[in-house]
Amino acid sequence: MNKEKVTTATIRKKKAEGTPITMLTAYDFPMAKIVDEAGIDVILVGDSLGNVVLGYDSTIPVTMDEMIHHVKAVCRGAGRAMVVADMPFLSYQASEEEALRNAGRFLKEAGAQAVKLEGGQEVANAVRKIVDAGIPVVGHLGLTPQSIHRLGGFKVQGKDETVAKKMIADAKALEEAGAFAIVLECVPVHLAKLITGSLSAAVISIGAGPYCDGQVLVINDILGLYPRFTPKFVKQYANLHGQIADAIKQYMEEVGARSFPAPEHCFGMPDEVLAKLY
Ligand code: KIV
């Protein structure tokens, strides 16, 4: 495996060569280490943190400080992979200055190499400001969970002409503003294909089909660690929730039966010392 750090140049090269880009989320040190050592290109510390780790109902309550805490842990575990930090709701929408300040915190305080934010033309100036300061930006279009109340629920985006045309214009605006990659979430396969073919920025699919430049999924979903809800676009590669539950039941049974701890889990002491204690 190539051990060289993944950079924006690596991503551009992969797009140019037609080599699929692999991206997964991670939220802590041990998972980042496993994902990195497996050879993933990009680790996204998504604001899905709110749903799958912090137990919120949506990504909306996630704060900058919560994100920074987790991005730091992920950066300590990541070696080769590029770490992208997700900008939480209201950390970039109020002003371009605030967007830059918050994006900068992810690099300065947490050690990330890039940031991601949701939206198209309406965030293009913020993207330009962040990129001009030297911070690589990933855009996010389609089903953007921070706008879930405006979108009216978790639905495929771009099935009708107006929304599809706006998404194409948004993707172009993000690219022109300097985004090196764009995540497309829950988008019809052929619209995603069209957008991918029209951009030099890399397009990463989550529920946008196989014709994009790469794929991203939430790690808890592919490992079967998040039983609340599994979207149609997720493929579950393991059932760790079930395995963890079984391990916990077995531990409880063994504690109940006093078969754990066994002698090999215990510490001894010299007999003469013990004798003096009685
Ligand atoms: O927050 C997240 O994990 C994301 C991915 C779903 C792309 O934005």
# chains A, B, ... in the order shown; residues from 1 in each chain; ligands from 1
$ residues_around --residues "Gln157 in chain A" --least-positions-apart "5" --cutoff "6 Å" --atoms "only C-alpha atoms" --output "list in words"
Gly142, Leu143 and Val187 of chain A
$ write_last_selection --atoms "C-alpha atoms" --output "CSV table (one decimal), in the first residue's frame"
chain,number,residue,atom,x,y,z
A,142,GLY,CA,-28.4,17.0,-2.5
A,143,LEU,CA,-29.9,15.9,0.8
A,187,VAL,CA,-29.2,12.1,-5.7
$ residues_around --residues "Val156 in chain A" --least-positions-apart "3" --cutoff "12 Å" --atoms "only C-alpha atoms" --output "list in words"
Leu141, Gly142, Leu143, Thr144, Pro145, Ile148, Leu151, Gly152, Gly153, Lys159, Asp160, Val163, Ala164, Leu184, Glu185, Cys186, Val187, Pro188, Val189, Leu191, Ala192, Ile206, Gly207, Ala208, Pro231, Lys232 and Phe233 of chain A
$ residues_near_ligand --ligand "ligand 1" --cutoff "10 Å" --atoms "only C-alpha atoms and all ligand atoms" --output "ChimeraX atom specification"
/A:23-27,43-52,59,85-88,116-118,139-141,143-146,182-186,204-207,215-220
$ atom_distance --atom1 "CA of His190 in chain A" --atom2 "CA of Thr162 in chain A"
15.3 Å
$ residues_around --residues "Ala16 in chain A" --least-positions-apart "2" --cutoff "12 Å" --atoms "only C-alpha atoms" --output "MDAnalysis selection string"
chainID A and resid 9:14 18:21 196:197 199:203 213
$ write_last_selection --atoms "N, CA and C atoms" --output "compact mmCIF listing (two decimals), in the first residue's frame"
# COMPACT_ATOMS: atom_id res chain seq x y z
N ALA A 9 -3.90 16.94 -3.97
CA ALA A 9 -3.27 16.52 -5.24
C ALA A 9 -3.57 15.04 -5.51
N THR A 10 -3.56 14.22 -4.45
CA THR A 10 -3.89 12.79 -4.61
C THR A 10 -5.31 12.64 -5.13
N ILE A 11 -6.21 13.43 -4.55
CA ILE A 11 -7.63 13.32 -4.93
C ILE A 11 -7.80 13.75 -6.39
N ARG A 12 -7.13 14.85 -6.76
CA ARG A 12 -7.22 15.32 -8.16
C ARG A 12 -6.68 14.27 -9.12
N LYS A 13 -5.55 13.65 -8.74
CA LYS A 13 -4.92 12.63 -9.59
C LYS A 13 -5.88 11.43 -9.74
N LYS A 14 -6.47 11.03 -8.64
CA LYS A 14 -7.40 9.88 -8.70
C LYS A 14 -8.56 10.18 -9.64
N GLY A 18 -9.34 8.22 -13.04
CA GLY A 18 -10.55 7.38 -12.94
C GLY A 18 -10.43 6.31 -11.86
N THR A 19 -9.55 6.56 -10.86
CA THR A 19 -9.40 5.60 -9.75
C THR A 19 -10.37 5.98 -8.64
N PRO A 20 -11.23 5.07 -8.20
CA PRO A 20 -12.22 5.43 -7.18
C PRO A 20 -11.60 5.93 -5.87
N ILE A 21 -12.18 6.98 -5.33
CA ILE A 21 -11.73 7.58 -4.07
C ILE A 21 -12.57 6.96 -2.95
N THR A 196 -20.81 14.71 -12.15
CA THR A 196 -19.43 14.18 -12.04
C THR A 196 -18.66 14.46 -13.34
N GLY A 197 -19.33 14.23 -14.46
CA GLY A 197 -18.68 14.41 -15.76
C GLY A 197 -18.42 15.86 -16.11
N LEU A 199 -17.47 18.31 -13.93
CA LEU A 199 -16.61 19.03 -12.98
C LEU A 199 -15.19 18.49 -12.97
N SER A 200 -14.23 19.36 -12.64
CA SER A 200 -12.88 18.84 -12.38
C SER A 200 -12.73 18.53 -10.90
N ALA A 201 -13.59 19.08 -10.05
CA ALA A 201 -13.59 18.69 -8.63
C ALA A 201 -14.09 17.24 -8.53
N ALA A 202 -13.57 16.52 -7.54
CA ALA A 202 -13.98 15.12 -7.36
C ALA A 202 -15.38 15.07 -6.76
N VAL A 203 -16.21 14.18 -7.28
CA VAL A 203 -17.57 14.04 -6.75
C VAL A 203 -17.66 12.71 -5.98
N ASP A 213 -16.88 9.92 -8.57
CA ASP A 213 -15.43 9.64 -8.48
C ASP A 213 -15.07 8.84 -7.24
$ residues_around --residues "Lys235 in chain A" --least-positions-apart "6" --cutoff "10 Å" --atoms "only C-alpha atoms" --output "MDAnalysis selection string"
chainID A and resid 217 221:224
$ atom_distance --atom1 "CA of Asp41 in chain A" --atom2 "CA of Ala81 in chain A"
5.0 Å
$ residues_around --residues "Gly39 in chain A" --least-positions-apart "5" --cutoff "9 Å" --atoms "only C-alpha atoms" --output "number ranges by chain"
A: 1-3, 22, 34, 80-81
$ write_last_selection --atoms "all heavy atoms" --output "compact mmCIF listing (two decimals), in the first residue's frame"
# COMPACT_ATOMS: atom_id res chain seq x y z
N MET A 1 0.84 -1.20 0.00
CA MET A 1 0.00 0.00 0.00
C MET A 1 0.87 1.26 0.00
O MET A 1 1.87 1.31 0.71
CB MET A 1 -0.91 0.00 1.23
CG MET A 1 -2.06 0.92 1.08
SD MET A 1 -2.73 1.63 2.59
CE MET A 1 -2.03 0.79 3.94
N ASN A 2 0.47 2.25 -0.79
CA ASN A 2 1.18 3.53 -0.81
C ASN A 2 0.96 4.25 0.52
O ASN A 2 -0.17 4.49 0.91
CB ASN A 2 0.62 4.35 -1.99
CG ASN A 2 1.31 5.68 -2.13
OD1 ASN A 2 2.17 6.02 -1.31
ND2 ASN A 2 0.94 6.42 -3.15
N LYS A 3 2.08 4.57 1.21
CA LYS A 3 1.95 5.14 2.57
C LYS A 3 1.97 6.67 2.54
O LYS A 3 1.92 7.32 3.58
CB LYS A 3 3.10 4.64 3.46
CG LYS A 3 3.08 3.16 3.72
CD LYS A 3 2.45 2.89 5.08
CE LYS A 3 2.65 1.44 5.46
NZ LYS A 3 1.51 0.71 5.84
N THR A 22 -11.90 6.50 -1.88
CA THR A 22 -12.63 5.87 -0.77
C THR A 22 -12.67 6.82 0.42
O THR A 22 -11.66 7.40 0.80
CB THR A 22 -11.98 4.54 -0.34
OG1 THR A 22 -10.61 4.78 0.01
CG2 THR A 22 -12.05 3.52 -1.46
N ILE A 34 -8.09 2.18 12.79
CA ILE A 34 -8.47 1.00 11.99
C ILE A 34 -8.73 1.40 10.54
O ILE A 34 -8.26 0.78 9.60
CB ILE A 34 -9.75 0.32 12.58
CG1 ILE A 34 -9.46 -0.24 13.97
CG2 ILE A 34 -10.25 -0.78 11.66
CD1 ILE A 34 -10.70 -0.72 14.72
N ARG A 80 -1.97 8.10 7.09
CA ARG A 80 -1.96 8.38 5.65
C ARG A 80 -3.21 9.15 5.19
O ARG A 80 -3.14 10.01 4.33
CB ARG A 80 -1.86 7.04 4.90
CG ARG A 80 -2.01 7.19 3.40
CD ARG A 80 -2.03 5.84 2.71
NE ARG A 80 -2.39 6.00 1.31
CZ ARG A 80 -3.64 6.00 0.86
NH1 ARG A 80 -4.66 5.85 1.67
NH2 ARG A 80 -3.87 6.18 -0.44
N ALA A 81 -4.35 8.82 5.77
CA ALA A 81 -5.62 9.38 5.27
C ALA A 81 -5.70 10.88 5.49
O ALA A 81 -5.20 11.41 6.47
CB ALA A 81 -6.79 8.70 5.98
$ atom_distance --atom1 "CA of Ala179 in chain A" --atom2 "CA of Asp65 in chain A"
24.1 Å
$ closest_residue --among "A:Lys172, A:Leu90, A:Ala247, A:Gly111" --to "Arg76 in chain A" --atoms "only C-alpha atoms"
A:Gly111
$ closest_residue --among "A:Val84, A:Tyr237, A:Ala38, A:Gly178" --to "His70 in chain A" --atoms "only C-alpha atoms"
A:Val84
$ select_by_dssp --residues "range 114-193 of chain A" --states "helix (DSSP H, G or I)" --output "JSON, numbers by chain"
{"A": [121, 122, 123, 124, 125, 126, 127, 128, 129, 130, 131, 132, 145, 146, 147, 148, 149, 150, 151, 161, 162, 163, 164, 165, 166, 167, 168, 169, 170, 171, 172, 173, 174, 175, 176, 177, 189, 190, 191, 192, 193]}
$ residues_around --residues "Gln121 in chain A" --least-positions-apart "2" --cutoff "10 Å" --atoms "only C-alpha atoms" --output "MDAnalysis selection string"
chainID A and resid 119 123:127 166:167 169:174 177
